[in-house]
Amino acid sequence: MIELEELLIMQCALTALRLDVLVNNPKLTTIDLTRNRIRQLFPITTPPKTKLPVTFLSLAENQLDRLDMSMFAFMPDLERFNVEGNRIVRFEATAPVTYASLIRLLVSSNNITQFDTRNLTLSELRSLYINDNALTELPAHWGKLPNLIYIGFDRNNLKRIDMSFFAKFPTLISITINENNVESIRTSTPITMQELEYLMFNGNQIVSVNFTGCIFPKMYLFSFMNNRLITIPPLFQRFPESRLIMQGNPIKCSSMTVFKSKITDYRLHVTTGSTQSDCLTTSSIALDQDQLACCDA
C-alpha cells in the first residue's frame with residue numbers, strides 16, 4: 001500500500017475540505033491546496049490516535065472568510081502555514097493550541113478586522129505581517145509569541161498608534177505600519193524595548209509624534225516618509241544614535257534650520273534638490289553651495 005507523503009491540489013473547483021480525510025495518512029508532511037475555491041473547512045470529528053507529521057500547509061488564494069487555528073491541532077509540527085489571499089474577516093483560535101515549530105504564518109491580503117490569538121502559543125514564530133487587511137485598531141488579544149522580532153501592519157485602516165501596545169512583545173527588533181491612515185503616535189504608559197531598532201510609519205497622515213516615556217536603547221532608524229509633519233520630531237536627544245527619515249513632509253524651514261547639522265551629517269534625511277525648482281515646497285534652505293533642503297516658508 002502506498003502511503004501518502006504529499007498532497008497537492010491546485011487550481012481546481014474544490015469548495016470544501018473535510019479534515020477527516022487527512023487523518024489516516026501517518027506519513028503526510030506537505031499539503032498544498034492553493035488557488036482552489038475552498039469556502040468552508042469541516043473539523044475532524046474524532047481526534048486521531050497519532051498526530052499528523054504535516055510541516056507545510058497552504059490554503060492560500062481560496063475563499064475562506066473565517067479561520068480557526070484550533071482546527072489544525074492534530075498537526076502540531078506545522079512549520080509553515082499560508083492563508084494569504086483569502087477573504088478572512090476573523091482569525092482566531094477557539095481553543096488553546098500550541099504550534100511549537102511554526103516559523104512562518106502568512107495571513108496577508110485578506111479582509112481581517114478581528115485578529116485574536118489569545119489561545120495560541122507560537123513558540124518559534126519570528127515574524128508576523130498582517131499586511132493588506134482591514135484592521136481599524138491594533139488587535140487587543142494576543143497569545144504567547146516569546147520570540148517575535150518582526151511585526152507589520154502595512155496597508156490596513158489604523159488611525160492612532162499607542163506605542164505602549166508593543167510592550168507585550170519585548171523581543172521586537174522592527175515594527176512597520178506603513179500606508180495606513182495614522183494621524184498620531186503617542187505613548188500612554190512608559191515602555192522599554194531593549195531590542196527595538198526600526199520603526200517605519202511611511203505613507204500615513206501623521207501630524208503629531210510623541211515618544212515621551214519610550215526607552216529604546218538600540219533604536220537606529222525612524223522613518224516617517226510621506227506624512228503631514230510640519231516640524232522635525234524631537235527624537236535625537238532621546239535616541240542619540242538614531243537616524244530619522246523625513247522626505248515628503250511639509251516641514252517648516254524654521255524647524256529644518258535647527259537640524260541643519262543633522263542633515264549634513266546624514267543623520268536626518270529630508271527632500272533635497274539642486275535648485276528651488278526641484279522642490280515641491282514653497283521654499284528651501286542651503287545645505288552647501290550645491291544642495292538645498294526643501295521646506296515650507
# chains A, B, ... in the order shown; residues from 1 in each chain; ligands from 1
call {"tool": "select_by_dssp", "arguments": {"residues": "region 17-53 of chain A", "states": "strand (DSSP E)", "output": "MDAnalysis selection string"}}
result
chainID A and resid 17:18 30:32 40:42
call {"tool": "residues_around", "arguments": {"residues": "Ser123 (chain A)", "least_positions_apart": "3", "cutoff": "12 Å", "atoms": "only C-alpha atoms", "output": "number ranges by chain"}}
result
A: 76-79, 97-104, 120, 126-127, 143-148
call {"tool": "atom_distance", "arguments": {"atom1": "CA of Asp32 (chain A)", "atom2": "CA of Asn82 (chain A)"}}
result
9.3 Å
call {"tool": "residues_around", "arguments": {"residues": "Asn110 (chain A)", "least_positions_apart": "6", "cutoff": "7 Å", "atoms": "only C-alpha atoms", "output": "ChimeraX atom specification"}}
result
/A:84-88,132-133
call {"tool": "write_last_selection", "arguments": {"atoms": "all heavy atoms", "output": "short mmCIF file (atom, residue, chain, number, x, y, z; two decimals), in the first residue's frame"}}
result
data_model
loop_
_atom_site.label_atom_id
_atom_site.label_comp_id
_atom_site.auth_asym_id
_atom_site.auth_seq_id
_atom_site.Cartn_x
_atom_site.Cartn_y
_atom_site.Cartn_z
N GLU A 84 -2.75 33.34 2.88
CA GLU A 84 -2.81 34.62 2.17
C GLU A 84 -3.83 34.57 1.03
O GLU A 84 -4.10 33.53 0.45
CB GLU A 84 -1.44 34.97 1.59
CG GLU A 84 -0.38 35.29 2.64
CD GLU A 84 0.95 35.69 2.05
OE1 GLU A 84 1.33 35.11 1.01
OE2 GLU A 84 1.61 36.57 2.61
N GLY A 85 -4.40 35.75 0.74
CA GLY A 85 -5.24 35.86 -0.43
C GLY A 85 -6.58 35.18 -0.34
O GLY A 85 -7.16 34.79 -1.36
N ASN A 86 -7.12 35.05 0.87
CA ASN A 86 -8.49 34.57 1.04
C ASN A 86 -9.40 35.78 1.29
O ASN A 86 -9.08 36.90 0.90
CB ASN A 86 -8.55 33.57 2.20
CG ASN A 86 -8.14 32.17 1.80
OD1 ASN A 86 -8.95 31.38 1.36
ND2 ASN A 86 -6.85 31.86 1.95
N ARG A 87 -10.51 35.52 1.98
CA ARG A 87 -11.45 36.60 2.33
C ARG A 87 -11.66 36.65 3.84
O ARG A 87 -12.69 37.10 4.32
CB ARG A 87 -12.80 36.37 1.65
CG ARG A 87 -12.71 36.24 0.13
CD ARG A 87 -14.03 35.78 -0.46
NE ARG A 87 -13.94 35.62 -1.92
CZ ARG A 87 -14.94 35.17 -2.67
NH1 ARG A 87 -16.09 34.79 -2.11
NH2 ARG A 87 -14.79 35.06 -3.97
N ILE A 88 -10.66 36.18 4.57
CA ILE A 88 -10.80 36.00 6.02
C ILE A 88 -11.08 37.33 6.71
O ILE A 88 -10.34 38.30 6.54
CB ILE A 88 -9.52 35.36 6.60
CG1 ILE A 88 -9.32 33.96 5.99
CG2 ILE A 88 -9.60 35.27 8.12
CD1 ILE A 88 -7.96 33.35 6.30
N ASP A 132 -2.08 44.32 4.36
CA ASP A 132 -3.15 44.27 3.37
C ASP A 132 -4.40 43.61 3.92
O ASP A 132 -4.95 42.67 3.34
CB ASP A 132 -2.67 43.55 2.10
CG ASP A 132 -1.50 44.28 1.46
OD1 ASP A 132 -1.71 45.37 0.91
OD2 ASP A 132 -0.37 43.77 1.54
N ASN A 133 -4.84 44.12 5.08
CA ASN A 133 -6.07 43.64 5.70
C ASN A 133 -6.95 44.84 6.04
O ASN A 133 -6.80 45.91 5.43
CB ASN A 133 -5.75 42.77 6.91
CG ASN A 133 -5.45 41.33 6.50
OD1 ASN A 133 -6.37 40.59 6.15
ND2 ASN A 133 -4.18 40.94 6.55
#
call {"tool": "residues_around", "arguments": {"residues": "Pro96 (chain A)", "least_positions_apart": "5", "cutoff": "10 Å", "atoms": "only C-alpha atoms", "output": "list in words"}}
result
Met69, Ser70, Ala73, Thr117, Arg118, Asn119, Leu120, Thr121 and Gly143 of chain A
call {"tool": "closest_residue", "arguments": {"among": "A:Phe91, A:Phe201, A:Phe74, A:Tyr129", "to": "Arg160 (chain A)", "atoms": "only C-alpha atoms"}}
result
A:Phe201
call {"tool": "residues_around", "arguments": {"residues": "Asp290 (chain A)", "least_positions_apart": "6", "cutoff": "12 Å", "atoms": "only C-alpha atoms", "output": "NGL selection string"}}
result
:A and (272-276)
call {"tool": "write_last_selection", "arguments": {"atoms": "N, CA, C and O atoms", "output": "short mmCIF file (atom, residue, chain, number, x, y, z; two decimals), in the first residue's frame"}}
result
data_model
loop_
_atom_site.label_atom_id
_atom_site.label_comp_id
_atom_site.auth_asym_id
_atom_site.auth_seq_id
_atom_site.Cartn_x
_atom_site.Cartn_y
_atom_site.Cartn_z
N THR A 272 15.68 66.92 -0.89
CA THR A 272 16.69 67.88 -1.32
C THR A 272 16.62 68.12 -2.82
O THR A 272 15.97 67.39 -3.55
N GLY A 273 17.30 69.18 -3.26
CA GLY A 273 17.37 69.50 -4.68
C GLY A 273 18.54 70.41 -4.95
O GLY A 273 19.16 70.95 -4.02
N SER A 274 18.83 70.59 -6.22
CA SER A 274 19.92 71.49 -6.60
C SER A 274 19.45 72.93 -6.71
O SER A 274 20.21 73.87 -6.45
N THR A 275 18.17 73.11 -7.09
CA THR A 275 17.58 74.44 -7.20
C THR A 275 16.17 74.39 -6.59
O THR A 275 15.62 73.32 -6.37
N GLN A 276 15.60 75.58 -6.38
CA GLN A 276 14.25 75.64 -5.81
C GLN A 276 13.23 74.94 -6.70
O GLN A 276 12.26 74.36 -6.23
#
call {"tool": "atom_distance", "arguments": {"atom1": "CA of Thr15 (chain A)", "atom2": "CA of Pro47 (chain A)"}}
result
23.4 Å
call {"tool": "residues_around", "arguments": {"residues": "region 48-54 of chain A", "least_positions_apart": "6", "cutoff": "7 Å", "atoms": "only C-alpha atoms", "output": "PyMOL selection string"}}
result
chain A and resi 23+26-30+74-75+77-78
call {"tool": "atom_distance", "arguments": {"atom1": "CA of Arg243 (chain A)", "atom2": "CA of Ser164 (chain A)"}}
result
21.6 Å
call {"tool": "select_by_dssp", "arguments": {"residues": "region 22-104 of chain A", "states": "helix (DSSP H, G or I)", "output": "ChimeraX atom specification"}}
result
/A:22,69-72
